[in-house]
Structures are given as structure tokens and as C-alpha cells.
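Trainee: For reference, the structure I am asking about is given below.
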Amino acid sequence: MIDKNSMTTTTPLLLITADPSHPLAKLALRYARAYLQNAKNAVAADEQHNDSDHSKIKKASLNIFFYGDAAHIANRLRWQSADQINLTKEWQNLAEQYELSLPVCVSTALSRGITDADNSARHQLDSDNLAAGFALVGLSELAMMMQENNTLMQF
Amino acid sequence: MKLLIQLHTATEMASYEGCALALTLATFGHEVQLYLDAPVFGLLMQPESRLHGMIQSLDLYDMPAAWLPDDVFSGWVTGMLPADLASQLTLIPEVVNTQDFEQILRF
């Protein structure tokens with residue numbers, strides 16, 4: 001949401017808990033993509049009309065947190081048929097395009113067999129399978145994101 | 001942030017993750033109200049379940065008693081539970097204004 005009066009942005013927080021096979025998981029991606037595109041367009045339009053003070057314009061951003069069954073999205077070994085949308089790749093592309101971070105709750109990921117190299121070594125697991133661009137973080141990260149008085153949406 | 005977290009899913013993991021989120025957010029100063037729906041009653045009654053233990057400790061997190069549906073089954077469950085756990089549960093108020101909560105999360 002872009003506040004056109006102050007030219008600052010309030011950053012929504014998407015709490016994604018749905019399994020990748022659930023329609024809400026796809027809806028979360030669609031929402032994020034549409035929000036970021038809309039915010040990008042608004043910033044670009046404002047730059048055209050008010051190019052005297054670029055310092056006040058903030059880049060549109062979005063906070064995302066994967067929790068519960070949504071941790072499956074961060075599994076780089078999750079195979080699916082070619083006619084299905086690959087949510088892992090789609091989130092990776094979006095994150096690269098808009099410089100987003102993709103935090104995943106570490107305990108929900110580990111309990112579903114998803115781990116990075118550090119946790120693999122710590123818990124004596126055979127290997128790691130966290131997809132590139134995703135990061136395992138503690139639940140406190142989510143609590144800290146919510147301190148910023150932003151809009152929280154669960155998918 | 002003022003939140004209502006509803007636990008509906010009758011699996012140990014989902015109920016644990018929903019409750020763990022509630023306790024963590026309460027630790028960080030958020031106002032969290034839990035609502036336990038009938039499907040999680042079976043887990044609540046198992047002393048070895050993580051949900052059982054976490055609900056027992058709600059007051060340690062300065063959280064209010066968890067809401068249960070206002071029906072006969074909730075009364076029966078409360079009567080079957082140990083007193084220290086039952087004291088952390090209460091029937092949902094007759095009138096709940098969902099607008100009082102900034103967000104409602106469901107697990």
C-alpha cells in the first residue's frame with residue numbers, strides 16, 4: 001500500500017501456511033506478484049510527476065514468511081509434473097526480481113524434512129535440500145516483522 | 001497486534017504449530033486469544049501431546065484462557081481434563097466482535 005501523501009510505504013506481511021497443493025498457496029503468489037507490480041508502477045508514475053525529490057520515494061517491498069505446510073515450497077527436491085505451476089521457482093524468480101527475502105520457519109521446515117547445510121550438520125542429517133533464495137529462520141523473525149504495525153494476511 | 005488464533009486441524013503437528021505461534025507472539029508483546037475447536041479436543045486430552053502442555057502454561061505467557069465452542073461437548077471435555085488445564089479454558093463469549101482483532105489466523 002503506497003501512501004501517496006507521504007510517499008512512504010507500509011509493508012504488508014504475507015504469512016503463508018498453506019501446502020503448495022492448496023489453492024491458497026497459488027493465491028499468495030498471485031497476490032504478491034500483483035502487489036509488487038502495482039507498487040512498482042505507482043513508484044514509477046510518481047517519479048515522473050515528482051522528480052525533484054527522489055530521496056522521499058521508497059522502493060515498494062513485501063514481507064513474506066513461510067510457516068507450517070508452506071515450508072514444502074522451500075524444498076528444492078519437490079518434484080511435480082510439468083503442467084503444474086512450480087511455486088518454488090516462481091517465488092525464487094519473484095524474490096530475485098524485487099530483491100525479496102524468503103524466510104521459512106526453521107522448526108516447521110525441519111519437521112518436514114527440509115534443511116539447510118548448517119542445520120543438516122547440527123542435527124546429523126544426511127544432506128540438505130533448501131532451495132536457493134530461501135532462508136531458515138526462527139519464529140521470532142515473524143514476531144519482529146509484526147512489530148512494524150503492518151498489515152498481516154494469512155494464505 | 002491483537003490476534004485471534006483458531007486451532008481446527010486435528011493433527012499433533014498443526015495444533016502444535018498454531019499454538020507455538022500464539023505463545024511466541026505473546027512473548028513479543030502481541031495480544032493473542034486462542035480458540036480451540038472440537039477437532040483438537042482429542043489432542044488436548046492426551047497428556048503427552050504438546051498442545052496439552054502448552055495450554056497448561058498459557059498463564060505463564062500472560063495469555064487469557066483459551067476459548068472453546070459454547071456447547072455441551074466443551075463442557076464435557078473441560079470436566080474430563082485435569083484442573084490445572086481446565087483452568088486455562090473458557091467458553092467463547094456469546095458475542096464476539098471479530099473487528100476487535102486485527103487479524104484472525106487459522107491452523
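Every chain in the C-alpha cells has a letter given in the order shown (A, B, ...), and although residue numbers restart at 1 in each chain, ligands are simply numbered from 1 in the order shown.
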Which residues, written as a PyMOL selection string, have at least one atom at most 9 Å from Leu81 in chain B, with only C-alpha atoms counted and residues fewer than 4 positions away on the same chain left out?
Mentor: chain B and resi 44-45+76-77+85-86
Trainee: Only N, CA and C atoms, please: the residues just picked out, written as a PDB file, in the first residue's frame.
Mentor:
ATOM      1  N   LEU B  44      -5.996 -32.389  22.981  1.00  0.00           N
ATOM      2  CA  LEU B  44      -5.988 -31.681  24.266  1.00  0.00           C
ATOM      3  C   LEU B  44      -6.083 -32.665  25.429  1.00  0.00           C
ATOM      4  N   MET B  45      -6.774 -33.761  25.217  1.00  0.00           N
ATOM      5  CA  MET B  45      -6.986 -34.733  26.292  1.00  0.00           C
ATOM      6  C   MET B  45      -5.813 -35.700  26.461  1.00  0.00           C
ATOM      7  N   TRP B  76     -18.237 -31.073  28.605  1.00  0.00           N
ATOM      8  CA  TRP B  76     -17.821 -32.452  28.917  1.00  0.00           C
ATOM      9  C   TRP B  76     -16.296 -32.545  28.921  1.00  0.00           C
ATOM     10  N   VAL B  77     -15.660 -31.970  27.901  1.00  0.00           N
ATOM     11  CA  VAL B  77     -14.194 -32.028  27.807  1.00  0.00           C
ATOM     12  C   VAL B  77     -13.556 -31.334  29.007  1.00  0.00           C
ATOM     13  N   LEU B  85      -5.321 -27.718  33.786  1.00  0.00           N
ATOM     14  CA  LEU B  85      -5.550 -27.471  32.355  1.00  0.00           C
ATOM     15  C   LEU B  85      -6.925 -26.838  32.147  1.00  0.00           C
ATOM     16  N   ALA B  86      -7.906 -27.343  32.841  1.00  0.00           N
ATOM     17  CA  ALA B  86      -9.266 -26.810  32.684  1.00  0.00           C
ATOM     18  C   ALA B  86      -9.333 -25.334  33.069  1.00  0.00           C
TER      19      ALA B  86
END
Trainee: Per residue of chain A within 9 Å of chain B, note the shortest atom pair and the distance in Å to one decimal, counting only C-alpha atoms, and order the rows by chain and increasing residue number, as JSON lines.
Mentor:
{"residue": "A:Thr17", "atom": "CA", "partner": "B:Phe107", "partner_atom": "CA", "distance": 8.2}
{"residue": "A:Tyr67", "atom": "CA", "partner": "B:Glu17", "partner_atom": "CA", "distance": 8.5}
{"residue": "A:Gly68", "atom": "CA", "partner": "B:Glu17", "partner_atom": "CA", "distance": 6.8}
{"residue": "A:Asp69", "atom": "CA", "partner": "B:Ala14", "partner_atom": "CA", "distance": 8.7}
{"residue": "A:Thr108", "atom": "CA", "partner": "B:Glu17", "partner_atom": "CA", "distance": 7.6}
{"residue": "A:Ser111", "atom": "CA", "partner": "B:Met13", "partner_atom": "CA", "distance": 8.8}
{"residue": "A:Leu139", "atom": "CA", "partner": "B:Thr24", "partner_atom": "CA", "distance": 7.2}
{"residue": "A:Ser140", "atom": "CA", "partner": "B:Thr24", "partner_atom": "CA", "distance": 6.9}
{"residue": "A:Leu142", "atom": "CA", "partner": "B:Leu25", "partner_atom": "CA", "distance": 8.4}
{"residue": "A:Ala143", "atom": "CA", "partner": "B:Leu25", "partner_atom": "CA", "distance": 5.6}
{"residue": "A:Met144", "atom": "CA", "partner": "B:Phe28", "partner_atom": "CA", "distance": 7.8}
{"residue": "A:Met146", "atom": "CA", "partner": "B:Met1", "partner_atom": "CA", "distance": 7.3}
{"residue": "A:Gln147", "atom": "CA", "partner": "B:Met1", "partner_atom": "CA", "distance": 7.5}
{"residue": "A:Asn149", "atom": "CA", "partner": "B:Met1", "partner_atom": "CA", "distance": 7.1}
{"residue": "A:Thr151", "atom": "CA", "partner": "B:Glu102", "partner_atom": "CA", "distance": 8.4}
{"residue": "A:Leu152", "atom": "CA", "partner": "B:Gln103", "partner_atom": "CA", "distance": 6.8}
{"residue": "A:Met153", "atom": "CA", "partner": "B:Gln103", "partner_atom": "CA", "distance": 7.5}
{"residue": "A:Gln154", "atom": "CA", "partner": "B:Leu105", "partner_atom": "CA", "distance": 6.6}
Trainee: Could you pull the residues within 12 Å of Phe73 in chain B, counting only C-alpha atoms, minus those fewer than 4 positions along the same chain, as a list in words?
Mentor: Asp37, Ala38, Pro39, Phe41, Gly42, Leu68, Pro69, Val77, Thr78, Gly79, Met80 and Leu91 of chain B
Trainee: Could you write out the selected residues, including N, CA and C atoms, as a compact mmCIF listing (two decimals), in the first residue's frame?
Mentor:
# COMPACT_ATOMS: atom_id res chain seq x y z
N ASP B 37 -11.06 -25.47 18.58
CA ASP B 37 -12.28 -26.05 18.05
C ASP B 37 -12.33 -27.55 18.37
N ALA B 38 -13.50 -28.12 18.25
CA ALA B 38 -13.72 -29.51 18.66
C ALA B 38 -12.72 -30.51 18.06
N PRO B 39 -12.27 -30.35 16.80
CA PRO B 39 -11.35 -31.36 16.26
C PRO B 39 -10.05 -31.51 17.06
N PHE B 41 -9.85 -31.42 20.37
CA PHE B 41 -10.12 -31.87 21.74
C PHE B 41 -9.41 -33.19 22.05
N GLY B 42 -9.35 -34.06 21.06
CA GLY B 42 -8.68 -35.34 21.28
C GLY B 42 -7.22 -35.15 21.67
N LEU B 68 -13.27 -22.10 24.01
CA LEU B 68 -13.84 -23.34 23.46
C LEU B 68 -15.22 -23.02 22.89
N PRO B 69 -15.70 -23.82 21.94
CA PRO B 69 -17.06 -23.59 21.44
C PRO B 69 -18.06 -23.66 22.60
N VAL B 77 -15.66 -31.97 27.90
CA VAL B 77 -14.19 -32.03 27.81
C VAL B 77 -13.56 -31.33 29.01
N THR B 78 -14.05 -30.18 29.33
CA THR B 78 -13.49 -29.43 30.46
C THR B 78 -13.58 -30.25 31.75
N GLY B 79 -14.68 -30.97 31.90
CA GLY B 79 -14.86 -31.79 33.08
C GLY B 79 -13.93 -32.99 33.12
N MET B 80 -13.49 -33.43 31.95
CA MET B 80 -12.61 -34.61 31.87
C MET B 80 -11.14 -34.25 32.07
N LEU B 91 -15.43 -20.97 27.92
CA LEU B 91 -16.32 -20.98 26.76
C LEU B 91 -16.23 -19.63 26.04
Trainee: Would you give me, as a VMD selection string, the residues in chain B that DSSP reads as strand (DSSP E or B)?
Mentor: chain B and resid 2 to 7 31 to 36 66 to 68 89 to 91 103 to 106
Trainee: Out of chain A, which residues get alpha helix (DSSP H) from DSSP, as a PyMOL selection string?
Mentor: chain A and resi 23-49+87-98+106-110+117-122+139-146
Trainee: Measure the distance from CA of Leu94 in chain A to CA of Ala22 in chain B in Å and round it to one decimal.
Mentor: 29.4 Å
Trainee: Skipping near chain neighbours, those fewer than 2 positions away, what residues fall within 7 Å of range 47-54 of chain B using only C-alpha atoms, listed as a list in words?
Mentor: Glu12, Ser15, Tyr16, Cys19, Leu43, Leu44, Met45, Gln56, Ser57 and Leu58 of chain B
Trainee: Take the residues just selected and output them with N, CA and C atoms as a PDB file, in the first residue's frame.
Mentor:
ATOM      1  N   GLU B  12      -1.352 -33.498  15.474  1.00  0.00           N
ATOM      2  CA  GLU B  12      -0.461 -33.037  16.536  1.00  0.00           C
ATOM      3  C   GLU B  12       0.399 -31.893  16.032  1.00  0.00           C
ATOM      4  N   SER B  15      -1.669 -28.509  15.362  1.00  0.00           N
ATOM      5  CA  SER B  15      -2.100 -27.869  16.611  1.00  0.00           C
ATOM      6  C   SER B  15      -0.896 -27.318  17.363  1.00  0.00           C
ATOM      7  N   TYR B  16       0.210 -28.056  17.320  1.00  0.00           N
ATOM      8  CA  TYR B  16       1.432 -27.574  17.968  1.00  0.00           C
ATOM      9  C   TYR B  16       1.919 -26.294  17.303  1.00  0.00           C
ATOM     10  N   CYS B  19      -0.306 -23.302  18.089  1.00  0.00           N
ATOM     11  CA  CYS B  19      -0.158 -22.889  19.489  1.00  0.00           C
ATOM     12  C   CYS B  19       1.229 -22.284  19.730  1.00  0.00           C
ATOM     13  N   LEU B  43      -6.554 -34.210  21.010  1.00  0.00           N
ATOM     14  CA  LEU B  43      -5.150 -33.920  21.339  1.00  0.00           C
ATOM     15  C   LEU B  43      -5.041 -33.249  22.696  1.00  0.00           C
ATOM     16  N   LEU B  44      -5.996 -32.389  22.981  1.00  0.00           N
ATOM     17  CA  LEU B  44      -5.988 -31.681  24.266  1.00  0.00           C
ATOM     18  C   LEU B  44      -6.083 -32.665  25.429  1.00  0.00           C
ATOM     19  N   MET B  45      -6.774 -33.761  25.217  1.00  0.00           N
ATOM     20  CA  MET B  45      -6.986 -34.733  26.292  1.00  0.00           C
ATOM     21  C   MET B  45      -5.813 -35.700  26.461  1.00  0.00           C
ATOM     22  N   GLN B  56      -1.592 -25.752  29.150  1.00  0.00           N
ATOM     23  CA  GLN B  56      -1.400 -25.717  30.608  1.00  0.00           C
ATOM     24  C   GLN B  56      -0.603 -24.488  31.045  1.00  0.00           C
ATOM     25  N   SER B  57       0.260 -23.996  30.169  1.00  0.00           N
ATOM     26  CA  SER B  57       1.162 -22.911  30.557  1.00  0.00           C
ATOM     27  C   SER B  57       0.743 -21.548  30.011  1.00  0.00           C
ATOM     28  N   LEU B  58      -0.494 -21.424  29.569  1.00  0.00           N
ATOM     29  CA  LEU B  58      -0.919 -20.142  28.994  1.00  0.00           C
ATOM     30  C   LEU B  58      -0.706 -18.970  29.948  1.00  0.00           C
TER      31      LEU B  58
END
Trainee: Leaving out Leu4 in chain B and any residue of its chain fewer than 4 positions from it, which residues lie within 6 Å of it when counting only C-alpha atoms, given as number ranges by chain?
Mentor: B: 32-34, 104
Trainee: Got time to write the residues from that selection, N, CA and C atoms, as a PDB file, in the first residue's frame?
Mentor:
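Below is the file that was written, again.pdb:
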ATOM      1  N   VAL B  32      -2.784 -12.092  22.138  1.00  0.00           N
ATOM      2  CA  VAL B  32      -3.234 -13.274  21.390  1.00  0.00           C
ATOM      3  C   VAL B  32      -4.326 -14.009  22.169  1.00  0.00           C
ATOM      4  N   GLN B  33      -5.421 -14.257  21.494  1.00  0.00           N
ATOM      5  CA  GLN B  33      -6.506 -15.076  22.040  1.00  0.00           C
ATOM      6  C   GLN B  33      -6.572 -16.379  21.255  1.00  0.00           C
ATOM      7  N   LEU B  34      -6.501 -17.499  21.939  1.00  0.00           N
ATOM      8  CA  LEU B  34      -6.610 -18.799  21.273  1.00  0.00           C
ATOM      9  C   LEU B  34      -8.054 -19.283  21.281  1.00  0.00           C
ATOM     10  N   ILE B 104      -7.255 -12.657  12.103  1.00  0.00           N
ATOM     11  CA  ILE B 104      -7.643 -13.975  12.611  1.00  0.00           C
ATOM     12  C   ILE B 104      -6.869 -15.016  11.812  1.00  0.00           C
TER      13      ILE B 104
END
Trainee: Mind checking which residues fall within 7 Å of Ala74 in chain A, counting only C-alpha atoms, ignoring those fewer than 6 positions away in the same chain, and posting them as a compact mmCIF listing (two decimals) with C-alpha atoms, in the first residue's frame?
Mentor:
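The result, stored in around_36.txt:
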# COMPACT_ATOMS: atom_id res chain seq x y z
CA THR A 88 9.43 -22.85 -5.63
CA LEU A 130 16.73 -25.97 0.98
CA ALA A 131 16.03 -24.23 -2.31
CA PHE A 134 15.05 -19.30 0.89
Trainee: Determine the nearest neighbour of Gln88 in chain B from the options B:Asp71, B:Tyr61, B:Asp100, B:Ile55, counting only C-alpha atoms.
Mentor: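 Smallest separation from Gln88 in chain B among the options: B:Ile55.
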Trainee: Tell me, in Å to one decimal, how far CA of Glu141 in chain A is from CA of Ala70 in chain A.
Mentor: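 Result for CA of Glu141 in chain A versus CA of Ala70 in chain A: 16.2 Å, one decimal.
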Trainee: Mind pulling up the distance from CA of Asn38 in chain A to CA of Asp19 in chain A?
Mentor: 26.4 Å
